[in-house]
$ cat protein.cif   # mmCIF, C-alpha atoms, pLDDT in the B column; chains and numbers go by the auth columns
data_coords
loop_
_atom_site.group_PDB
_atom_site.id
_atom_site.type_symbol
_atom_site.label_atom_id
_atom_site.label_comp_id
_atom_site.label_asym_id
_atom_site.label_seq_id
_atom_site.Cartn_x
_atom_site.Cartn_y
_atom_site.Cartn_z
_atom_site.B_iso_or_equiv
_atom_site.auth_seq_id
_atom_site.auth_asym_id
ATOM 1 C CA MET A 1 -24.428 7.277 -12.576 52.00 1 L
ATOM 2 C CA THR A 2 -22.538 9.338 -9.998 64.00 2 L
ATOM 3 C CA ASP A 3 -22.283 13.110 -9.896 85.00 3 L
ATOM 4 C CA LYS A 4 -18.996 12.948 -8.002 93.00 4 L
ATOM 5 C CA PRO A 5 -15.981 14.339 -9.855 95.00 5 L
ATOM 6 C CA GLN A 6 -13.448 11.733 -10.934 96.00 6 L
ATOM 7 C CA LEU A 7 -10.063 12.025 -9.281 96.00 7 L
ATOM 8 C CA SER A 8 -7.120 10.170 -10.832 97.00 8 L
ATOM 9 C CA LEU A 9 -4.045 9.670 -8.686 97.00 9 L
ATOM 10 C CA ALA A 10 -1.199 7.279 -7.994 97.00 10 L
ATOM 11 C CA VAL A 11 0.002 5.916 -4.658 98.00 11 L
ATOM 12 C CA LEU A 12 3.435 4.451 -3.967 98.00 12 L
ATOM 13 C CA SER A 13 2.890 1.726 -1.391 98.00 13 L
ATOM 14 C CA ASP A 14 4.053 -1.569 0.173 98.00 14 L
ATOM 15 C CA TYR A 15 2.010 -3.965 2.310 98.00 15 L
ATOM 16 C CA ILE A 16 4.664 -4.232 5.014 98.00 16 L
ATOM 17 C CA CYS A 17 4.620 -0.447 5.528 98.00 17 L
ATOM 18 C CA PRO A 18 2.283 0.401 8.431 98.00 18 L
ATOM 19 C CA PHE A 19 2.056 4.036 7.380 98.00 19 L
ATOM 20 C CA CYS A 20 0.878 2.856 3.947 98.00 20 L
ATOM 21 C CA TYR A 21 -2.043 1.132 5.654 98.00 21 L
ATOM 22 C CA ILE A 22 -2.947 4.315 7.482 98.00 22 L
ATOM 23 C CA GLY A 23 -2.606 6.240 4.227 98.00 23 L
ATOM 24 C CA TYR A 24 -4.892 3.776 2.456 98.00 24 L
ATOM 25 C CA LEU A 25 -7.567 4.148 5.149 98.00 25 L
ATOM 26 C CA ARG A 26 -7.381 7.927 4.921 98.00 26 L
ATOM 27 C CA LEU A 27 -7.520 7.929 1.142 98.00 27 L
ATOM 28 C CA GLU A 28 -10.649 5.769 1.253 98.00 28 L
ATOM 29 C CA LYS A 29 -12.442 8.600 3.061 98.00 29 L
ATOM 30 C CA LEU A 30 -12.180 10.683 -0.111 98.00 30 L
ATOM 31 C CA ARG A 31 -14.593 8.298 -1.846 97.00 31 L
ATOM 32 C CA GLU A 32 -17.420 10.182 -0.149 96.00 32 L
ATOM 33 C CA HIS A 33 -16.504 13.193 -2.288 96.00 33 L
ATOM 34 C CA PHE A 34 -14.793 11.803 -5.397 97.00 34 L
ATOM 35 C CA GLU A 35 -14.932 8.916 -7.812 97.00 35 L
ATOM 36 C CA LEU A 36 -11.401 7.669 -7.246 97.00 36 L
ATOM 37 C CA ALA A 37 -9.282 6.140 -9.994 97.00 37 L
ATOM 38 C CA VAL A 38 -6.176 4.979 -8.136 98.00 38 L
ATOM 39 C CA ASN A 39 -3.018 3.538 -9.630 97.00 39 L
ATOM 40 C CA TRP A 40 -1.526 1.544 -6.763 98.00 40 L
ATOM 41 C CA ALA A 41 2.154 1.664 -7.686 98.00 41 L
ATOM 42 C CA LEU A 42 3.444 -1.183 -5.538 98.00 42 L
ATOM 43 C CA VAL A 43 7.107 -1.190 -4.560 98.00 43 L
ATOM 44 C CA GLU A 44 9.269 -3.406 -2.372 97.00 44 L
ATOM 45 C CA ILE A 45 10.738 -1.272 0.400 96.00 45 L
ATOM 46 C CA HIS A 46 12.871 -3.929 2.137 96.00 46 L
ATOM 47 C CA PRO A 47 13.963 -6.349 -0.610 96.00 47 L
ATOM 48 C CA ASP A 48 16.772 -7.738 1.539 96.00 48 L
ATOM 49 C CA SER A 49 14.420 -8.939 4.280 97.00 49 L
ATOM 50 C CA PRO A 50 14.025 -12.725 4.417 97.00 50 L
ATOM 51 C CA ALA A 51 10.650 -14.360 3.827 97.00 51 L
ATOM 52 C CA GLU A 52 10.737 -15.801 7.349 97.00 52 L
ATOM 53 C CA GLY A 53 10.872 -12.249 8.709 96.00 53 L
ATOM 54 C CA LYS A 54 13.291 -10.365 10.909 96.00 54 L
ATOM 55 C CA PRO A 55 13.044 -7.954 13.883 96.00 55 L
ATOM 56 C CA ILE A 56 12.454 -4.337 12.922 95.00 56 L
ATOM 57 C CA GLU A 57 15.460 -3.413 15.067 93.00 57 L
ATOM 58 C CA GLU A 58 17.573 -4.862 12.237 94.00 58 L
ATOM 59 C CA LEU A 59 16.339 -2.256 9.750 93.00 59 L
ATOM 60 C CA GLY A 60 19.044 0.179 10.829 91.00 60 L
ATOM 61 C CA TYR A 61 17.004 2.805 12.674 90.00 61 L
ATOM 62 C CA SER A 62 18.332 4.197 15.933 92.00 62 L
ATOM 63 C CA LYS A 63 16.339 3.247 19.023 92.00 63 L
ATOM 64 C CA ALA A 64 15.183 6.837 19.440 96.00 64 L
ATOM 65 C CA ARG A 65 14.029 7.042 15.827 94.00 65 L
ATOM 66 C CA LEU A 66 12.276 3.683 16.019 94.00 66 L
ATOM 67 C CA ASP A 67 10.537 4.586 19.285 94.00 67 L
ATOM 68 C CA GLY A 68 9.399 7.846 17.716 95.00 68 L
ATOM 69 C CA LEU A 69 8.006 6.109 14.647 94.00 69 L
ATOM 70 C CA MET A 70 6.153 3.539 16.718 94.00 70 L
ATOM 71 C CA GLY A 71 4.665 6.251 18.926 95.00 71 L
ATOM 72 C CA GLU A 72 3.542 8.182 15.858 95.00 72 L
ATOM 73 C CA LEU A 73 2.048 5.030 14.358 96.00 73 L
ATOM 74 C CA ALA A 74 0.136 4.209 17.536 95.00 74 L
ATOM 75 C CA GLY A 75 -1.391 7.679 17.570 96.00 75 L
ATOM 76 C CA MET A 76 -2.451 7.401 13.935 96.00 76 L
ATOM 77 C CA ALA A 77 -4.002 3.988 14.521 96.00 77 L
ATOM 78 C CA ARG A 78 -6.046 5.316 17.419 96.00 78 L
ATOM 79 C CA ALA A 79 -7.221 8.220 15.273 95.00 79 L
ATOM 80 C CA GLU A 80 -8.389 5.763 12.595 96.00 80 L
ATOM 81 C CA GLY A 81 -10.116 3.535 15.158 96.00 81 L
ATOM 82 C CA ILE A 82 -7.991 0.470 14.448 96.00 82 L
ATOM 83 C CA GLU A 83 -5.838 -1.703 16.654 95.00 83 L
ATOM 84 C CA LEU A 84 -2.543 -2.793 15.154 97.00 84 L
ATOM 85 C CA SER A 85 -0.600 -5.794 16.348 95.00 85 L
ATOM 86 C CA PRO A 86 2.769 -4.944 17.916 93.00 86 L
ATOM 87 C CA HIS A 87 5.004 -4.025 14.990 92.00 87 L
ATOM 88 C CA THR A 88 8.009 -6.092 16.004 94.00 88 L
ATOM 89 C CA PHE A 89 9.004 -7.729 12.719 95.00 89 L
ATOM 90 C CA THR A 90 9.186 -7.075 9.013 97.00 90 L
ATOM 91 C CA THR A 91 9.301 -9.521 6.140 98.00 91 L
ATOM 92 C CA ASN A 92 9.858 -9.847 2.425 98.00 92 L
ATOM 93 C CA SER A 93 6.869 -8.469 0.544 98.00 93 L
ATOM 94 C CA ARG A 94 7.800 -9.454 -3.018 98.00 94 L
ATOM 95 C CA LYS A 95 5.349 -12.347 -3.389 98.00 95 L
ATOM 96 C CA ALA A 96 2.524 -10.307 -1.824 98.00 96 L
ATOM 97 C CA LEU A 97 3.193 -7.442 -4.237 98.00 97 L
ATOM 98 C CA LEU A 98 3.310 -9.776 -7.226 98.00 98 L
ATOM 99 C CA LEU A 99 0.025 -11.356 -6.156 98.00 99 L
ATOM 100 C CA ALA A 100 -1.611 -7.945 -5.832 98.00 100 L
ATOM 101 C CA GLU A 101 -0.316 -6.870 -9.240 98.00 101 L
ATOM 102 C CA ALA A 102 -1.741 -10.001 -10.872 98.00 102 L
ATOM 103 C CA SER A 103 -5.080 -9.583 -9.080 98.00 103 L
ATOM 104 C CA LYS A 104 -5.654 -6.172 -10.707 98.00 104 L
ATOM 105 C CA ALA A 105 -6.782 -7.995 -13.857 98.00 105 L
ATOM 106 C CA LEU A 106 -9.615 -9.609 -11.863 98.00 106 L
ATOM 107 C CA GLY A 107 -11.404 -6.295 -11.307 98.00 107 L
ATOM 108 C CA ALA A 108 -11.614 -3.705 -8.563 97.00 108 L
ATOM 109 C CA ASP A 109 -13.711 -5.800 -6.170 97.00 109 L
ATOM 110 C CA VAL A 110 -11.233 -8.667 -6.051 98.00 110 L
ATOM 111 C CA PHE A 111 -8.182 -6.408 -6.039 98.00 111 L
ATOM 112 C CA TYR A 112 -9.424 -4.206 -3.203 98.00 112 L
ATOM 113 C CA HIS A 113 -10.515 -7.188 -1.114 98.00 113 L
ATOM 114 C CA LEU A 114 -7.022 -8.664 -1.405 98.00 114 L
ATOM 115 C CA HIS A 115 -5.397 -5.237 -1.032 98.00 115 L
ATOM 116 C CA ARG A 116 -7.071 -4.641 2.314 98.00 116 L
ATOM 117 C CA ARG A 117 -6.566 -8.199 3.561 98.00 117 L
ATOM 118 C CA LEU A 118 -2.827 -8.053 2.861 98.00 118 L
ATOM 119 C CA PHE A 119 -2.544 -4.942 5.022 98.00 119 L
ATOM 120 C CA GLU A 120 -4.781 -6.369 7.746 98.00 120 L
ATOM 121 C CA SER A 121 -3.117 -9.773 7.829 98.00 121 L
ATOM 122 C CA PHE A 122 0.341 -8.364 8.407 98.00 122 L
ATOM 123 C CA LEU A 123 -0.389 -5.261 10.456 98.00 123 L
ATOM 124 C CA VAL A 124 -3.518 -6.167 12.435 97.00 124 L
ATOM 125 C CA GLU A 125 -3.336 -9.955 12.706 98.00 125 L
ATOM 126 C CA GLY A 126 0.456 -10.215 12.815 97.00 126 L
ATOM 127 C CA ARG A 127 0.640 -12.874 10.090 98.00 127 L
ATOM 128 C CA ASN A 128 3.766 -13.216 7.968 98.00 128 L
ATOM 129 C CA ILE A 129 2.794 -12.262 4.418 98.00 129 L
ATOM 130 C CA GLY A 130 6.242 -13.313 3.264 98.00 130 L
ATOM 131 C CA ASP A 131 5.079 -16.896 3.781 98.00 131 L
ATOM 132 C CA SER A 132 3.712 -18.482 0.601 98.00 132 L
ATOM 133 C CA ALA A 133 1.185 -20.554 2.556 98.00 133 L
ATOM 134 C CA VAL A 134 -0.247 -17.429 4.186 98.00 134 L
ATOM 135 C CA LEU A 135 -0.572 -15.783 0.785 98.00 135 L
ATOM 136 C CA GLU A 136 -2.224 -18.866 -0.705 98.00 136 L
ATOM 137 C CA ASN A 137 -4.823 -18.772 2.074 98.00 137 L
ATOM 138 C CA LEU A 138 -5.462 -15.059 1.516 98.00 138 L
ATOM 139 C CA ALA A 139 -5.806 -15.601 -2.230 98.00 139 L
ATOM 140 C CA GLY A 140 -8.449 -18.243 -1.619 98.00 140 L
ATOM 141 C CA GLU A 141 -10.261 -16.025 0.869 98.00 141 L
ATOM 142 C CA CYS A 142 -10.350 -13.191 -1.669 98.00 142 L
ATOM 143 C CA ALA A 143 -11.535 -15.314 -4.633 97.00 143 L
ATOM 144 C CA VAL A 144 -8.216 -15.093 -6.459 98.00 144 L
ATOM 145 C CA PRO A 145 -8.014 -18.187 -8.689 98.00 145 L
ATOM 146 C CA ARG A 146 -5.116 -20.569 -8.247 97.00 146 L
ATOM 147 C CA GLU A 147 -3.978 -19.909 -11.815 98.00 147 L
ATOM 148 C CA THR A 148 -3.702 -16.172 -11.071 98.00 148 L
ATOM 149 C CA LEU A 149 -1.545 -16.896 -8.047 97.00 149 L
ATOM 150 C CA GLU A 150 0.728 -19.139 -10.108 97.00 150 L
ATOM 151 C CA GLN A 151 0.973 -16.531 -12.852 98.00 151 L
ATOM 152 C CA ALA A 152 1.851 -13.879 -10.272 98.00 152 L
ATOM 153 C CA TRP A 153 4.829 -15.845 -9.034 98.00 153 L
ATOM 154 C CA ASN A 154 6.027 -17.298 -12.332 98.00 154 L
ATOM 155 C CA ASP A 155 5.249 -14.824 -15.115 98.00 155 L
ATOM 156 C CA PRO A 156 8.070 -12.237 -15.344 98.00 156 L
ATOM 157 C CA VAL A 157 5.605 -9.538 -16.461 98.00 157 L
ATOM 158 C CA TYR A 158 4.621 -8.895 -12.836 98.00 158 L
ATOM 159 C CA GLU A 159 8.211 -8.603 -11.658 98.00 159 L
ATOM 160 C CA GLN A 160 8.740 -6.146 -14.502 98.00 160 L
ATOM 161 C CA ARG A 161 5.776 -4.099 -13.256 97.00 161 L
ATOM 162 C CA LEU A 162 7.376 -3.811 -9.824 98.00 162 L
ATOM 163 C CA GLN A 163 10.615 -2.704 -11.436 97.00 163 L
ATOM 164 C CA ARG A 164 8.781 -0.073 -13.492 97.00 164 L
ATOM 165 C CA ASN A 165 6.995 1.183 -10.390 97.00 165 L
ATOM 166 C CA LEU A 166 10.315 1.592 -8.598 96.00 166 L
ATOM 167 C CA ALA A 167 11.929 3.313 -11.587 97.00 167 L
ATOM 168 C CA ALA A 168 8.983 5.725 -11.830 95.00 168 L
ATOM 169 C CA ALA A 169 9.205 6.436 -8.107 95.00 169 L
ATOM 170 C CA VAL A 170 12.886 7.321 -8.403 94.00 170 L
ATOM 171 C CA HIS A 171 12.264 9.397 -11.530 95.00 171 L
ATOM 172 C CA ASN A 172 9.523 11.377 -9.785 93.00 172 L
ATOM 173 C CA GLY A 173 11.602 12.048 -6.691 92.00 173 L
ATOM 174 C CA ALA A 174 9.697 9.898 -4.219 95.00 174 L
ATOM 175 C CA THR A 175 11.515 9.627 -0.893 94.00 175 L
ATOM 176 C CA GLY A 176 9.329 7.199 1.027 95.00 176 L
ATOM 177 C CA THR A 177 6.098 5.281 1.314 97.00 177 L
ATOM 178 C CA PRO A 178 3.344 6.050 1.081 98.00 178 L
ATOM 179 C CA THR A 179 3.641 8.809 -1.495 98.00 179 L
ATOM 180 C CA PHE A 180 0.468 10.221 -3.024 98.00 180 L
ATOM 181 C CA PHE A 181 0.788 11.746 -6.502 97.00 181 L
ATOM 182 C CA ILE A 182 -2.236 14.014 -6.902 97.00 182 L
ATOM 183 C CA GLY A 183 -2.020 16.516 -9.733 95.00 183 L
ATOM 184 C CA ASP A 184 1.319 18.264 -9.347 93.00 184 L
ATOM 185 C CA LYS A 185 1.470 17.467 -5.613 94.00 185 L
ATOM 186 C CA HIS A 186 3.630 14.758 -4.062 95.00 186 L
ATOM 187 C CA LEU A 187 2.506 14.045 -0.504 98.00 187 L
ATOM 188 C CA THR A 188 4.803 11.721 1.407 97.00 188 L
ATOM 189 C CA GLY A 189 3.773 9.796 4.509 97.00 189 L
ATOM 190 C CA ALA A 190 0.412 9.037 6.082 97.00 190 L
ATOM 191 C CA VAL A 191 -0.761 12.613 5.599 97.00 191 L
ATOM 192 C CA SER A 192 -4.067 13.833 6.968 97.00 192 L
ATOM 193 C CA VAL A 193 -7.394 13.500 5.196 98.00 193 L
ATOM 194 C CA ASP A 194 -7.463 17.307 5.050 98.00 194 L
ATOM 195 C CA ALA A 195 -4.147 17.351 3.175 98.00 195 L
ATOM 196 C CA LEU A 196 -5.414 14.742 0.713 98.00 196 L
ATOM 197 C CA MET A 197 -8.624 16.716 0.210 98.00 197 L
ATOM 198 C CA ALA A 198 -6.734 19.950 -0.415 97.00 198 L
ATOM 199 C CA ALA A 199 -4.491 18.304 -3.012 97.00 199 L
ATOM 200 C CA ALA A 200 -7.501 16.687 -4.690 97.00 200 L
ATOM 201 C CA ARG A 201 -9.415 19.946 -4.949 96.00 201 L
ATOM 202 C CA ALA A 202 -6.366 21.769 -6.263 96.00 202 L
ATOM 203 C CA ALA A 203 -5.833 19.113 -8.937 96.00 203 L
ATOM 204 C CA LEU A 204 -9.447 19.297 -10.069 95.00 204 L
ATOM 205 C CA ALA A 205 -9.431 23.105 -10.054 93.00 205 L
ATOM 206 C CA THR A 206 -6.439 23.198 -12.397 89.00 206 L
ATOM 207 C CA GLY A 207 -7.667 20.368 -14.603 84.00 207 L
ATOM 208 C CA GLU A 208 -4.771 18.075 -13.657 71.00 208 L
ATOM 209 C CA SER A 209 -7.088 15.193 -12.811 65.00 209 L
ATOM 210 C CA ALA A 210 -10.157 13.991 -14.666 45.00 210 L
#

$ encode --input "protein.cif" --output "structure tokens"
Amino acid sequence: MTDKPQLSLAVLSDYICPFCYIGYLRLEKLREHFELAVNWALVEIHPDSPAEGKPIEELGYSKARLDGLMGELAGMARAEGIELSPHTFTTNSRKALLLAEASKALGADVFYHLHRRLFESFLVEGRNIGDSAVLENLAGECAVPRETLEQAWNDPVYEQRLQRNLAAAVHNGATGTPTFFIGDKHLTGAVSVDALMAAARAALATGESA
């Protein structure tokens, strides 16, 4: 039995978003202080990207904006003590998101193992998680049964979950990923641990999380 207060929150996230990975790592640091109950609201941020991947220059950012984002990302990675692979391409994340949604039914241990490995595989190891074979290997590594993988990609219930996540994001005014919904606070981007802590304490103080 833990004496940590329970904190319920939701996070809008996609596995091809490097700032979502940073946000996930920062959120994990709150487990020292809270019993986290997280609804990972997975959304597809680049649905038009092909599964074989494409250069990030084709996402429509100006060179100055892209250089700024990559510089910001590099600084955040250093602060978290991780080394990211060069972020030169993006891919289609739909199958990865569907697999993660289906894995939630297998329990927190399996889900979080897969959750972290999807981030790491794409952003640290530079593997294409739009590739079905890569995802099949990750599922096996994370003890996700073959039948769960097949359900993820064939049962429309998981596609419907992604659609509901996106509709909820739009309804709640989310403007990017990651977005943390903590109490009445919406924190967008890979915000600091201090910002997450402040929102968590405010939510608990007002009884907006239990």

$ resolve_selection --input "protein.cif" --expression "the PyMOL selection byres ((chain L and resi 84) around 10)" --output "JSON, numbers by chain"
{"L": [18, 73, 74, 77, 78, 81, 82, 83, 85, 86, 87, 120, 122, 123, 124, 125, 126]}

$ write_last_selection --input "protein.cif" --atoms "C-alpha atoms" --output "compact mmCIF listing (two decimals), in the frame of the given file"
# COMPACT_ATOMS: atom_id res chain seq x y z
CA PRO L 18 2.28 0.40 8.43
CA LEU L 73 2.05 5.03 14.36
CA ALA L 74 0.14 4.21 17.54
CA ALA L 77 -4.00 3.99 14.52
CA ARG L 78 -6.05 5.32 17.42
CA GLY L 81 -10.12 3.54 15.16
CA ILE L 82 -7.99 0.47 14.45
CA GLU L 83 -5.84 -1.70 16.65
CA SER L 85 -0.60 -5.79 16.35
CA PRO L 86 2.77 -4.94 17.92
CA HIS L 87 5.00 -4.03 14.99
CA GLU L 120 -4.78 -6.37 7.75
CA PHE L 122 0.34 -8.36 8.41
CA LEU L 123 -0.39 -5.26 10.46
CA VAL L 124 -3.52 -6.17 12.44
CA GLU L 125 -3.34 -9.96 12.71
CA GLY L 126 0.46 -10.22 12.82

$ closest_atom_pairs --input "protein.cif" --of "region 71-148 of chain L" --to "region 34-43 of chain L" --cutoff "12 Å" --atoms "only C-alpha atoms" --output "Markdown table"
| residue | atom | partner | partner_atom | distance |
| --- | --- | --- | --- | --- |
| L:Asn92 | CA | L:Val43 | CA | 11.5 |
| L:Ser93 | CA | L:Val43 | CA | 8.9 |
| L:Arg94 | CA | L:Val43 | CA | 8.4 |
| L:Lys95 | CA | L:Val43 | CA | 11.4 |
| L:Ala96 | CA | L:Leu42 | CA | 9.9 |
| L:Leu97 | CA | L:Leu42 | CA | 6.4 |
| L:Leu98 | CA | L:Leu42 | CA | 8.8 |
| L:Leu99 | CA | L:Leu42 | CA | 10.7 |
| L:Ala100 | CA | L:Leu42 | CA | 8.4 |
| L:Glu101 | CA | L:Leu42 | CA | 7.8 |
| L:Ala102 | CA | L:Leu42 | CA | 11.5 |
| L:Ser103 | CA | L:Trp40 | CA | 11.9 |
| L:Lys104 | CA | L:Trp40 | CA | 9.6 |
| L:Ala108 | CA | L:Ala37 | CA | 10.2 |
| L:Phe111 | CA | L:Trp40 | CA | 10.4 |
| L:Tyr112 | CA | L:Trp40 | CA | 10.4 |
| L:His115 | CA | L:Trp40 | CA | 9.7 |

$ atom_distance --input "protein.cif" --atom1 "CA of Ala143 (chain L)" --atom2 "CA of Leu118 (chain L)"
13.6 Å

$ residues_near_point --input "protein.cif" --point "(-13.1, 9.3, 5.8)" --cutoff "12 Å" --atoms "only C-alpha atoms" --output "PDB file with C-alpha atoms, in the frame of the given file"
ATOM      1  CA  ILE L  22      -2.947   4.315   7.482  1.00 98.00           C
ATOM      2  CA  GLY L  23      -2.606   6.240   4.227  1.00 98.00           C
ATOM      3  CA  TYR L  24      -4.892   3.776   2.456  1.00 98.00           C
ATOM      4  CA  LEU L  25      -7.567   4.148   5.149  1.00 98.00           C
ATOM      5  CA  ARG L  26      -7.381   7.927   4.921  1.00 98.00           C
ATOM      6  CA  LEU L  27      -7.520   7.929   1.142  1.00 98.00           C
ATOM      7  CA  GLU L  28     -10.649   5.769   1.253  1.00 98.00           C
ATOM      8  CA  LYS L  29     -12.442   8.600   3.061  1.00 98.00           C
ATOM      9  CA  LEU L  30     -12.180  10.683  -0.111  1.00 98.00           C
ATOM     10  CA  ARG L  31     -14.593   8.298  -1.846  1.00 97.00           C
ATOM     11  CA  GLU L  32     -17.420  10.182  -0.149  1.00 96.00           C
ATOM     12  CA  HIS L  33     -16.504  13.193  -2.288  1.00 96.00           C
ATOM     13  CA  PHE L  34     -14.793  11.803  -5.397  1.00 97.00           C
ATOM     14  CA  ALA L  79      -7.221   8.220  15.273  1.00 95.00           C
ATOM     15  CA  GLU L  80      -8.389   5.763  12.595  1.00 96.00           C
ATOM     16  CA  GLY L  81     -10.116   3.535  15.158  1.00 96.00           C
ATOM     17  CA  SER L 192      -4.067  13.833   6.968  1.00 97.00           C
ATOM     18  CA  VAL L 193      -7.394  13.500   5.196  1.00 98.00           C
ATOM     19  CA  ASP L 194      -7.463  17.307   5.050  1.00 98.00           C
ATOM     20  CA  LEU L 196      -5.414  14.742   0.713  1.00 98.00           C
ATOM     21  CA  MET L 197      -8.624  16.716   0.210  1.00 98.00           C
TER      22      MET L 197
END

$ resolve_selection --input "protein.cif" --expression "the PyMOL selection byres ((chain L and resi 91) around 12)" --output "PyMOL selection string"
chain L and resi 14-17+44-56+58-59+87-90+92-96+122-123+126-132

$ write_last_selection --input "protein.cif" --atoms "C-alpha atoms" --output "CSV table (one decimal), in the frame of the given file"
chain,number,residue,atom,x,y,z
L,14,ASP,CA,4.1,-1.6,0.2
L,15,TYR,CA,2.0,-4.0,2.3
L,16,ILE,CA,4.7,-4.2,5.0
L,17,CYS,CA,4.6,-0.4,5.5
L,44,GLU,CA,9.3,-3.4,-2.4
L,45,ILE,CA,10.7,-1.3,0.4
L,46,HIS,CA,12.9,-3.9,2.1
L,47,PRO,CA,14.0,-6.3,-0.6
L,48,ASP,CA,16.8,-7.7,1.5
L,49,SER,CA,14.4,-8.9,4.3
L,50,PRO,CA,14.0,-12.7,4.4
L,51,ALA,CA,10.6,-14.4,3.8
L,52,GLU,CA,10.7,-15.8,7.3
L,53,GLY,CA,10.9,-12.2,8.7
L,54,LYS,CA,13.3,-10.4,10.9
L,55,PRO,CA,13.0,-8.0,13.9
L,56,ILE,CA,12.5,-4.3,12.9
L,58,GLU,CA,17.6,-4.9,12.2
L,59,LEU,CA,16.3,-2.3,9.8
L,87,HIS,CA,5.0,-4.0,15.0
L,88,THR,CA,8.0,-6.1,16.0
L,89,PHE,CA,9.0,-7.7,12.7
L,90,THR,CA,9.2,-7.1,9.0
L,92,ASN,CA,9.9,-9.8,2.4
L,93,SER,CA,6.9,-8.5,0.5
L,94,ARG,CA,7.8,-9.5,-3.0
L,95,LYS,CA,5.3,-12.3,-3.4
L,96,ALA,CA,2.5,-10.3,-1.8
L,122,PHE,CA,0.3,-8.4,8.4
L,123,LEU,CA,-0.4,-5.3,10.5
L,126,GLY,CA,0.5,-10.2,12.8
L,127,ARG,CA,0.6,-12.9,10.1
L,128,ASN,CA,3.8,-13.2,8.0
L,129,ILE,CA,2.8,-12.3,4.4
L,130,GLY,CA,6.2,-13.3,3.3
L,131,ASP,CA,5.1,-16.9,3.8
L,132,SER,CA,3.7,-18.5,0.6

$ residues_around --input "protein.cif" --residues "Glu150 (chain L)" --least-positions-apart "3" --cutoff "10 Å" --atoms "only C-alpha atoms" --output "PyMOL selection string"
chain L and resi 99+102+136+145-147+153-155

$ atom_distance --input "protein.cif" --atom1 "CA of Gly71 (chain L)" --atom2 "CA of Tyr21 (chain L)"
15.7 Å

$ residues_around --input "protein.cif" --residues "Pro178 (chain L)" --least-positions-apart "4" --cutoff "8 Å" --atoms "all atoms listed in the file" --output "PyMOL selection string"
chain L and resi 11-14+17+19-20+23+188-190

$ atom_distance --input "protein.cif" --atom1 "CA of Leu135 (chain L)" --atom2 "CA of His113 (chain L)"
13.3 Å

$ closest_residue --input "protein.cif" --among "L:Ala169, L:Leu7, L:Ala139, L:Ala64" --to "Gly207 (chain L)" --atoms "only C-alpha atoms"
L:Leu7

$ closest_residue --input "protein.cif" --among "L:His186, L:Gly140, L:Lys4, L:Ala105" --to "Ala174 (chain L)" --atoms "all atoms listed in the file"
L:His186

$ closest_residue --input "protein.cif" --among "L:Tyr158, L:Val170, L:Val144, L:Val191" --to "Met76 (chain L)" --atoms "all atoms listed in the file"
L:Val191

$ axis_aligned_box --input "protein.cif" --around "region 18-31 of chain L" --padding-each-side "4 Å" --output "AutoDock Vina command-line options"
--center_x -6.2 --center_y 5.5 --center_z 3.3 --size_x 24.9 --size_y 18.3 --size_z 18.3

$ resolve_selection --input "protein.cif" --expression "the PyMOL selection byres ((chain L and resi 181) around 6)" --output "MDAnalysis selection string"
chainID L and resid 9:10 180 182 185:186
